[in-house]
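Structure file my_file15.txt (compact mmCIF, C-alpha atoms) follows.
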# COMPACT_ATOMS: atom_id res chain seq x y z
CA MET A 1 0.00 0.00 0.00
CA GLU A 2 1.05 3.56 -0.69
CA MET A 3 -0.39 6.89 0.52
CA ILE A 4 -0.21 10.39 -0.87
CA ILE A 5 -1.52 13.01 1.56
CA GLY A 6 -1.62 16.78 2.01
CA GLY A 7 -3.91 19.78 2.38
CA ALA A 8 -6.58 20.83 -0.13
CA PHE A 9 -5.42 22.15 -3.51
CA GLN A 10 -1.78 21.18 -3.09
CA GLY A 11 -1.53 19.11 -6.29
CA LYS A 12 -1.93 15.69 -4.67
CA SER A 13 -3.92 14.18 -7.55
CA ASP A 14 -1.59 15.52 -10.24
CA TYR A 15 1.39 14.25 -8.26
CA ALA A 16 -0.22 10.83 -7.90
CA LYS A 17 -1.10 10.61 -11.61
CA GLU A 18 2.42 11.63 -12.59
CA LYS A 19 4.00 9.06 -10.29
CA HIS A 20 1.58 6.31 -11.32
CA PRO A 21 0.53 6.84 -14.96
CA GLU A 22 -0.44 3.17 -15.19
CA ILE A 23 -3.20 3.41 -12.60
CA CYS A 24 -6.90 3.75 -13.43
CA TRP A 25 -7.92 6.21 -10.70
CA LYS A 26 -11.29 6.14 -8.97
CA ASN A 27 -12.95 8.90 -7.00
CA GLY A 28 -13.50 8.10 -3.32
CA GLY A 29 -16.84 9.90 -3.06
CA LYS A 30 -18.33 7.70 -5.81
CA LEU A 31 -17.13 4.28 -4.69
CA GLU A 32 -18.96 1.53 -2.87
CA GLU A 33 -16.86 -0.50 -0.47
CA TYR A 34 -16.59 -3.52 -2.80
CA GLN A 35 -15.31 -1.22 -5.56
CA LEU A 36 -12.75 0.31 -3.22
CA MET A 37 -11.53 -3.22 -2.49
CA LYS A 38 -10.79 -3.68 -6.22
CA ALA A 39 -9.48 -0.21 -7.11
CA GLU A 40 -5.84 0.28 -8.15
CA GLY A 41 -5.86 3.84 -6.89
CA VAL A 42 -8.34 6.14 -5.15
CA LEU A 43 -8.42 9.96 -5.19
CA ASP A 44 -10.21 12.00 -2.49
CA PHE A 45 -10.28 9.02 -0.17
CA GLN A 46 -11.59 11.34 2.59
CA GLU A 47 -14.83 11.64 0.59
CA PHE A 48 -15.31 7.88 0.80
CA ILE A 49 -15.15 8.18 4.60
CA ARG A 50 -17.62 11.09 4.58
CA LYS A 51 -20.03 9.08 2.43
CA GLU A 52 -19.78 6.03 4.70
CA LEU A 53 -20.37 8.09 7.85
CA LYS A 54 -23.34 9.87 6.22
CA ALA A 55 -24.80 6.45 5.44
CA GLY A 56 -24.43 5.49 9.11
CA HIS A 57 -21.60 2.99 8.53
CA ASP A 58 -18.83 2.47 11.07
CA VAL A 59 -15.34 3.00 9.65
CA ALA A 60 -13.40 1.80 12.71
CA GLY A 61 -12.12 -1.35 10.97
CA LEU A 62 -11.72 0.15 7.49
CA ALA A 63 -7.92 0.49 7.54
CA GLU A 64 -7.38 -3.19 8.40
CA LYS A 65 -10.04 -4.30 5.94
CA LEU A 66 -8.50 -2.33 3.09
CA ALA A 67 -4.95 -3.41 3.94
CA GLU A 68 -6.06 -7.05 3.84
CA GLY A 69 -8.49 -6.85 0.94
CA ASN A 70 -6.53 -4.55 -1.38
CA PRO A 71 -2.91 -4.37 -0.16
CA ASP A 72 -1.53 -2.81 -3.37
CA ILE A 73 -3.87 0.18 -3.56
CA VAL A 74 -2.54 3.74 -3.77
CA VAL A 75 -4.61 6.03 -1.52
CA VAL A 76 -4.70 9.78 -2.07
CA SER A 77 -6.32 11.61 0.83
CA GLN A 78 -6.71 15.14 2.10
CA GLU A 79 -5.50 16.08 5.58
CA VAL A 80 -8.48 17.67 7.32
CA GLY A 81 -7.37 17.76 10.96
CA TYR A 82 -5.35 20.98 11.09
CA GLY A 83 -8.07 23.47 11.99
CA VAL A 84 -10.08 24.62 14.98
CA VAL A 85 -12.39 21.90 16.34
CA PRO A 86 -15.63 22.29 14.31
CA MET A 87 -18.87 23.40 15.97
CA ASP A 88 -20.85 20.77 14.08
CA ALA A 89 -20.89 17.26 15.61
CA PHE A 90 -20.79 15.46 12.24
CA ASP A 91 -17.84 17.59 11.11
CA ARG A 92 -15.97 16.65 14.29
CA LYS A 93 -16.73 12.98 13.77
CA TYR A 94 -15.70 13.09 10.09
CA ARG A 95 -12.47 14.93 10.82
CA GLU A 96 -11.43 12.49 13.50
CA ALA A 97 -12.48 9.43 11.47
CA VAL A 98 -10.32 10.56 8.53
CA GLY A 99 -7.40 10.91 10.92
CA ARG A 100 -7.85 7.52 12.58
CA VAL A 101 -8.40 5.59 9.33
CA CYS A 102 -5.47 7.30 7.62
CA THR A 103 -3.20 6.71 10.64
CA GLY A 104 -4.11 3.03 10.35
CA LEU A 105 -3.44 3.02 6.60
CA ALA A 106 -0.13 4.86 7.04
CA SER A 107 1.08 2.18 9.45
CA LYS A 108 0.32 -0.45 6.78
CA SER A 109 1.85 1.58 3.94
CA LYS A 110 5.33 0.98 2.56
CA LYS A 111 5.51 4.55 1.40
CA VAL A 112 3.80 7.77 2.50
CA THR A 113 4.32 11.03 0.61
CA ARG A 114 3.09 14.43 1.78
CA VAL A 115 2.43 16.99 -0.95
CA VAL A 116 2.81 20.72 -0.18
CA CYS A 117 2.80 23.32 -2.99
CA GLY A 118 2.82 20.50 -5.51
CA ILE A 119 6.06 19.12 -4.07
CA GLY A 120 6.02 15.63 -2.64
CA THR A 121 8.15 14.82 0.42
CA VAL A 122 8.46 11.16 1.31
CA ILE A 123 7.84 10.92 5.07
CA LYS A 124 7.85 7.11 5.25
CA ASP A 125 9.74 4.68 3.06
CA ALA A 126 9.85 1.31 4.74
CA MET B 127 14.44 16.36 28.80
CA MET B 128 11.44 18.17 27.44
CA ALA B 129 9.62 17.15 24.27
CA VAL B 130 6.67 18.71 22.48
CA VAL B 131 4.44 16.45 20.40
CA THR B 132 2.11 18.21 18.00
CA GLY B 133 -0.17 17.21 15.15
CA GLY B 134 -3.68 17.41 13.78
CA SER B 135 -6.85 15.72 14.96
CA GLY B 136 -6.68 11.93 14.85
CA SER B 137 -3.02 12.01 13.85
CA GLY B 138 -1.77 9.45 16.38
CA LYS B 139 0.03 12.08 18.47
CA SER B 140 -1.23 10.68 21.81
CA ALA B 141 -0.06 7.15 21.01
CA PHE B 142 3.28 8.56 19.94
CA ALA B 143 3.60 10.64 23.12
CA GLU B 144 2.80 7.64 25.32
CA ASP B 145 5.42 5.53 23.52
CA LYS B 146 7.87 8.38 23.99
CA ILE B 147 7.22 8.40 27.75
CA LEU B 148 7.64 4.63 27.96
CA SER B 149 11.00 4.95 26.15
CA LEU B 150 12.31 7.38 28.77
CA GLY B 151 13.11 4.69 31.29
CA GLN B 152 12.22 4.22 34.93
CA GLY B 153 10.68 6.86 37.13
CA LYS B 154 7.26 7.68 38.45
CA ARG B 155 4.93 8.27 35.49
CA PHE B 156 2.26 10.94 35.74
CA TYR B 157 -0.42 11.89 33.24
CA ILE B 158 -1.76 15.43 33.53
CA ALA B 159 -5.26 15.26 32.08
CA THR B 160 -6.53 18.68 31.01
CA MET B 161 -9.80 17.94 29.24
CA HIS B 162 -12.76 18.94 31.36
CA PRO B 163 -15.46 16.49 30.26
CA TYR B 164 -18.98 17.90 30.10
CA ASP B 165 -20.97 15.84 27.58
CA GLU B 166 -21.20 12.33 26.18
CA GLU B 167 -18.71 13.00 23.40
CA SER B 168 -16.07 14.29 25.81
CA TYR B 169 -16.64 11.48 28.34
CA LYS B 170 -16.15 8.99 25.48
CA ARG B 171 -12.96 10.78 24.50
CA VAL B 172 -11.63 10.59 28.07
CA GLU B 173 -12.54 6.88 28.17
CA ARG B 174 -10.69 6.18 24.90
CA HIS B 175 -7.55 7.81 26.29
CA ARG B 176 -7.88 5.95 29.62
CA LYS B 177 -8.00 2.65 27.72
CA MET B 178 -4.94 3.63 25.68
CA ARG B 179 -3.03 4.40 28.89
CA ALA B 180 -4.18 1.34 30.82
CA GLY B 181 -1.32 -0.87 31.99
CA LYS B 182 1.34 1.73 31.22
CA GLY B 183 1.80 2.70 34.86
CA PHE B 184 0.52 6.26 34.81
CA GLU B 185 -0.90 8.06 37.81
CA THR B 186 -3.51 10.46 36.45
CA VAL B 187 -3.62 14.02 37.78
CA GLU B 188 -6.54 16.11 36.62
CA CYS B 189 -5.66 19.73 36.00
CA TYR B 190 -8.14 21.97 34.22
CA THR B 191 -6.60 25.29 35.27
CA GLY B 192 -3.68 26.44 37.43
CA LEU B 193 -0.89 24.18 36.16
CA GLU B 194 1.57 26.08 38.36
CA ASN B 195 -0.12 24.76 41.52
CA LEU B 196 0.91 21.16 40.84
CA GLU B 197 3.81 19.51 42.66
CA PHE B 198 5.74 16.45 41.49
CA PRO B 199 8.66 14.38 42.83
CA GLN B 200 12.06 14.85 41.18
CA ASP B 201 12.05 11.45 39.48
CA ALA B 202 8.69 12.14 37.81
CA ILE B 203 8.20 11.48 34.11
CA VAL B 204 5.25 13.62 33.12
CA LEU B 205 2.94 13.55 30.11
CA LEU B 206 0.70 16.62 29.81
CA GLU B 207 -2.21 16.20 27.41
CA CYS B 208 -3.35 18.38 25.86
CA MET B 209 -2.16 21.99 25.80
CA SER B 210 -5.08 22.96 23.53
CA ASN B 211 -7.52 22.02 26.31
CA LEU B 212 -5.51 23.65 29.09
CA ALA B 213 -5.30 26.91 27.14
CA ALA B 214 -9.05 26.85 26.41
CA ASN B 215 -9.85 26.17 30.08
CA GLU B 216 -7.65 29.03 31.24
CA MET B 217 -9.32 31.34 28.73
CA PHE B 218 -12.94 30.40 29.18
CA GLU B 219 -13.45 28.82 32.62
CA GLU B 220 -14.35 30.95 35.62
CA SER B 221 -11.31 29.82 37.59
CA GLY B 222 -9.07 30.43 34.56
CA ALA B 223 -6.47 33.10 33.91
CA GLY B 224 -8.45 34.84 31.15
CA ALA B 225 -6.34 37.50 29.44
CA ASP B 226 -3.28 36.24 31.35
CA THR B 227 -3.62 32.72 29.86
CA VAL B 228 -0.35 32.64 27.92
CA GLU B 229 1.77 33.73 30.89
CA ALA B 230 -0.10 31.57 33.41
CA VAL B 231 0.37 28.46 31.27
CA LEU B 232 4.03 29.20 30.61
CA ARG B 233 4.70 29.79 34.32
CA GLY B 234 3.24 26.36 34.94
CA VAL B 235 5.35 24.73 32.22
CA ARG B 236 8.56 26.40 33.44
CA LYS B 237 7.91 25.17 36.97
CA LEU B 238 7.11 21.66 35.74
CA LYS B 239 10.23 21.55 33.59
CA SER B 240 12.44 22.58 36.50
CA GLN B 241 10.77 20.07 38.86
CA VAL B 242 10.62 16.80 36.97
CA ARG B 243 13.03 14.44 35.19
CA HIS B 244 11.27 14.29 31.84
CA LEU B 245 8.36 16.27 30.45
CA VAL B 246 6.37 15.50 27.31
CA ILE B 247 3.66 17.95 26.28
CA VAL B 248 1.05 17.14 23.65
CA THR B 249 -0.36 20.12 21.78
CA ASN B 250 -2.45 20.57 18.69
CA GLU B 251 -2.24 22.10 15.23
CA ILE B 252 -5.36 24.22 14.79
CA PHE B 253 -3.83 26.85 12.57
CA SER B 254 -4.13 25.67 8.97
CA GLU B 255 -7.56 25.89 7.42
CA ALA B 256 -9.63 28.02 5.13
CA ALA B 257 -12.22 29.17 7.65
CA SER B 258 -11.44 32.44 9.38
CA TYR B 259 -12.64 33.23 12.84
CA GLU B 260 -13.20 36.27 14.98
CA GLY B 261 -13.52 37.15 18.64
CA ASP B 262 -12.80 34.42 21.19
CA THR B 263 -11.90 31.81 18.59
CA VAL B 264 -9.18 33.81 16.87
CA ARG B 265 -7.89 34.91 20.29
CA TYR B 266 -7.73 31.24 21.24
CA GLN B 267 -5.69 30.48 18.12
CA GLU B 268 -3.42 33.41 18.95
CA TYR B 269 -2.87 32.32 22.57
CA LEU B 270 -2.27 28.67 21.71
CA GLY B 271 0.04 29.69 18.85
CA LYS B 272 2.08 31.86 21.23
CA ILE B 273 2.20 29.10 23.84
CA ASN B 274 3.33 26.58 21.21
CA GLN B 275 6.11 28.89 20.03
CA LYS B 276 7.43 29.27 23.59
CA LEU B 277 7.17 25.53 24.18
CA GLY B 278 9.21 25.02 21.02
CA GLU B 279 11.90 27.34 22.39
CA MET B 280 12.03 25.58 25.75
CA ALA B 281 11.90 22.03 24.41
CA ASP B 282 14.83 19.79 23.52
CA GLN B 283 12.69 18.01 20.96
CA VAL B 284 9.72 19.09 18.86
CA VAL B 285 7.98 16.48 16.76
CA GLU B 286 4.94 16.71 14.53
CA VAL B 287 3.06 13.44 14.14
CA VAL B 288 1.46 12.94 10.73
CA TYR B 289 -0.75 9.85 10.67
CA GLY B 290 1.56 8.17 13.15
CA ILE B 291 4.72 9.21 11.30
CA PRO B 292 7.09 11.48 13.27
CA ILE B 293 8.46 14.58 11.53
CA TRP B 294 11.17 16.08 13.71
CA HIS B 295 11.31 19.86 13.78
CA LYS B 296 13.85 20.10 16.59
CA GLY B 297 16.21 17.51 18.10
CA GLY B 298 15.07 13.93 17.96
CA LYS B 299 16.47 10.91 16.27
CA THR B 300 16.43 10.75 12.54
CA GLY B 301 14.99 7.50 11.31
CA GLU B 302 13.00 6.88 14.49
CA ASN B 303 10.23 4.57 13.48
CA ALA B 304 6.61 5.39 12.98
CA VAL B 305 4.14 4.32 15.65
CA GLU B 306 2.46 1.10 14.65
What does this structure look like when you write it as structure tokens?
Amino acid sequence: MEMIIGGAFQGKSDYAKEKHPEICWKNGGKLEEYQLMKAEGVLDFQEFIRKELKAGHDVAGLAEKLAEGNPDIVVVSQEVGYGVVPMDAFDRKYREAVGRVCTGLASKSKKVTRVVCGIGTVIKDA
Amino acid sequence: MMAVVTGGSGSGKSAFAEDKILSLGQGKRFYIATMHPYDEESYKRVERHRKMRAGKGFETVECYTGLENLEFPQDAIVLLECMSNLAANEMFEESGAGADTVEAVLRGVRKLKSQVRHLVIVTNEIFSEAASYEGDTVRYQEYLGKINQKLGEMADQVVEVVYGIPIWHKGGKTGENAVE
């Protein structure tokens, strides 16, 4: 597994596509879980989590499930936990869930790259 | 030794900070809990952290305001979590320091640092987002930002935890492994 992370509008998707031109990318907000388990690469993975939470699904075991079911996937996800704690309860839940799932995925990933200003810095290369 | 562990929400900074404490050898371990629970969500949060700490030999000391009033033995190894809660309590609670929050907190940290063997402080990155705030919220960001800067000056190590992966901004060991 590989992860590419960073803030909004930092060029994460372009970076991912450039690094992995062979991958047929899927959009996280439009995937069902069984499709995620078959995808080569997913963009806006945080939107998959939002969609699952909106549908009332628990994402606590998602990192382990994905690491087992689709260990070669490349996950591109936005970091959403660097602001003031949101007033809205769902926003708080979403923000924390993205963090927990991505922390789980990062521990399973061979490589994690953080993109800032379009520039990728490898922060884990196991 | 003093270390500051920072990061975003759900970044794995608490787990990292606890591992850091456990790596600092023998001594009496204390956990300064600063979150004042008031609703179901916050009680659940406290419970999650209690479970994480279970079996790691911490004595928990609750401190919502007035950090400088605490006393510890010289061989204490102290984990303070989280500065973002302590600063908010000092600002907004009746017993808090109000406009004197930054100084009151820093007095407490200086005293702690001089008293104990090792000190690890968890704080929070709440400064990078599109939304802009006014009034109390922006003042809170300002106070916590100032506190964090001073902590960074005082600390031997400053580490940002990104999804469990440590990024060292000051001191620290290069190549130290990510928290599993």
Can you list, as a VMD selection string, every protein, DNA or RNA residue that comes within 9 Å of Asp125 (chain A) when you count only C-alpha atoms, leaving out same-chain residues fewer than 3 positions away?
chain A and resid 109 to 113 122
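Non-sequential neighbours of Val80 (chain A) (distance at most 10 Å, separation of 6 or more positions within a chain, all atoms listed in the file) are Gly6, Gly7, Ala8, Gln46, Tyr94, Arg95, Glu96, Val98 and Gly99 of chain A; Gly134, Ser135, Gly136, Ser254 and Glu255 of chain B.
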Please identify every residue of chain B that has at least one atom no more than 9 Å from any atom of chain A, counting all atoms listed in the file, and report them as a compact mmCIF listing (two decimals) with C-alpha atoms, in the coordinates of the input.
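File iface_32.txt, as written:
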# COMPACT_ATOMS: atom_id res chain seq x y z
CA GLY B 133 -0.17 17.21 15.15
CA GLY B 134 -3.68 17.41 13.78
CA SER B 135 -6.85 15.72 14.96
CA GLY B 136 -6.68 11.93 14.85
CA SER B 137 -3.02 12.01 13.85
CA GLY B 138 -1.77 9.45 16.38
CA ASN B 250 -2.45 20.57 18.69
CA GLU B 251 -2.24 22.10 15.23
CA ILE B 252 -5.36 24.22 14.79
CA PHE B 253 -3.83 26.85 12.57
CA SER B 254 -4.13 25.67 8.97
CA GLU B 255 -7.56 25.89 7.42
CA ALA B 256 -9.63 28.02 5.13
CA ALA B 257 -12.22 29.17 7.65
CA THR B 263 -11.90 31.81 18.59
CA GLN B 267 -5.69 30.48 18.12
CA VAL B 288 1.46 12.94 10.73
CA TYR B 289 -0.75 9.85 10.67
CA GLY B 290 1.56 8.17 13.15
CA ILE B 291 4.72 9.21 11.30
CA PRO B 292 7.09 11.48 13.27
CA ILE B 293 8.46 14.58 11.53
CA ASN B 303 10.23 4.57 13.48
CA ALA B 304 6.61 5.39 12.98
CA VAL B 305 4.14 4.32 15.65
CA GLU B 306 2.46 1.10 14.65
Atomic separation - CA of Leu245 (chain B) relative to CA of Ser168 (chain B), Å
24.9 Å
Take the point (0.2, 14.7, 32.5) as written in the file and pick out every residue within 9 Å of it, counting only C-alpha atoms; give the list as a ChimeraX atom specification.
/B:155-160,184-189,203-208,245-247
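Of the listed residues (A:Ala39, A:Ala55, A:Ile23, A:Ala16), A:Ala16 comes nearest to Met3 (chain A); the distances count all atoms listed in the file.
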Could you add N, CA, C and O atoms to region 173-188 of chain B and give me the result as a compact mmCIF listing (two decimals), keeping the file's coordinate frame?
# COMPACT_ATOMS: atom_id res chain seq x y z
N GLU B 173 -12.55 8.33 28.01
CA GLU B 173 -12.54 6.88 28.17
C GLU B 173 -11.57 6.23 27.18
O GLU B 173 -10.83 5.31 27.52
N ARG B 174 -11.58 6.72 25.93
CA ARG B 174 -10.69 6.18 24.90
C ARG B 174 -9.23 6.35 25.32
O ARG B 174 -8.41 5.45 25.19
N HIS B 175 -8.92 7.54 25.85
CA HIS B 175 -7.55 7.81 26.29
C HIS B 175 -7.18 6.98 27.51
O HIS B 175 -6.05 6.52 27.63
N ARG B 176 -8.15 6.78 28.43
CA ARG B 176 -7.88 5.95 29.62
C ARG B 176 -7.52 4.53 29.19
O ARG B 176 -6.61 3.93 29.72
N LYS B 177 -8.26 4.01 28.21
CA LYS B 177 -8.00 2.65 27.72
C LYS B 177 -6.62 2.56 27.09
O LYS B 177 -5.92 1.59 27.26
N MET B 178 -6.27 3.61 26.32
CA MET B 178 -4.94 3.63 25.68
C MET B 178 -3.82 3.59 26.72
O MET B 178 -2.78 2.98 26.52
N ARG B 179 -4.07 4.28 27.85
CA ARG B 179 -3.03 4.40 28.89
C ARG B 179 -2.97 3.20 29.83
O ARG B 179 -1.99 3.02 30.53
N ALA B 180 -4.06 2.42 29.83
CA ALA B 180 -4.18 1.34 30.82
C ALA B 180 -2.96 0.42 30.77
O ALA B 180 -2.48 0.06 29.70
N GLY B 181 -2.44 0.05 31.91
CA GLY B 181 -1.32 -0.87 31.99
C GLY B 181 0.03 -0.24 31.72
O GLY B 181 1.05 -0.94 31.71
N LYS B 182 0.06 1.07 31.51
CA LYS B 182 1.34 1.73 31.22
C LYS B 182 1.92 2.41 32.46
O LYS B 182 2.95 3.09 32.38
N GLY B 183 1.24 2.23 33.59
CA GLY B 183 1.80 2.70 34.86
C GLY B 183 1.71 4.20 35.11
O GLY B 183 2.56 4.75 35.80
N PHE B 184 0.69 4.83 34.57
CA PHE B 184 0.52 6.26 34.81
C PHE B 184 -0.35 6.52 36.03
O PHE B 184 -1.37 5.85 36.22
N GLU B 185 0.03 7.50 36.84
CA GLU B 185 -0.90 8.06 37.81
C GLU B 185 -1.51 9.30 37.16
O GLU B 185 -0.79 10.17 36.68
N THR B 186 -2.85 9.34 37.12
CA THR B 186 -3.51 10.46 36.45
C THR B 186 -3.76 11.60 37.42
O THR B 186 -4.26 11.40 38.52
N VAL B 187 -3.38 12.80 37.01
CA VAL B 187 -3.62 14.02 37.78
C VAL B 187 -4.50 14.93 36.92
O VAL B 187 -4.10 15.29 35.82
N GLU B 188 -5.69 15.23 37.40
CA GLU B 188 -6.54 16.11 36.62
C GLU B 188 -6.18 17.56 36.90
O GLU B 188 -6.04 17.96 38.05
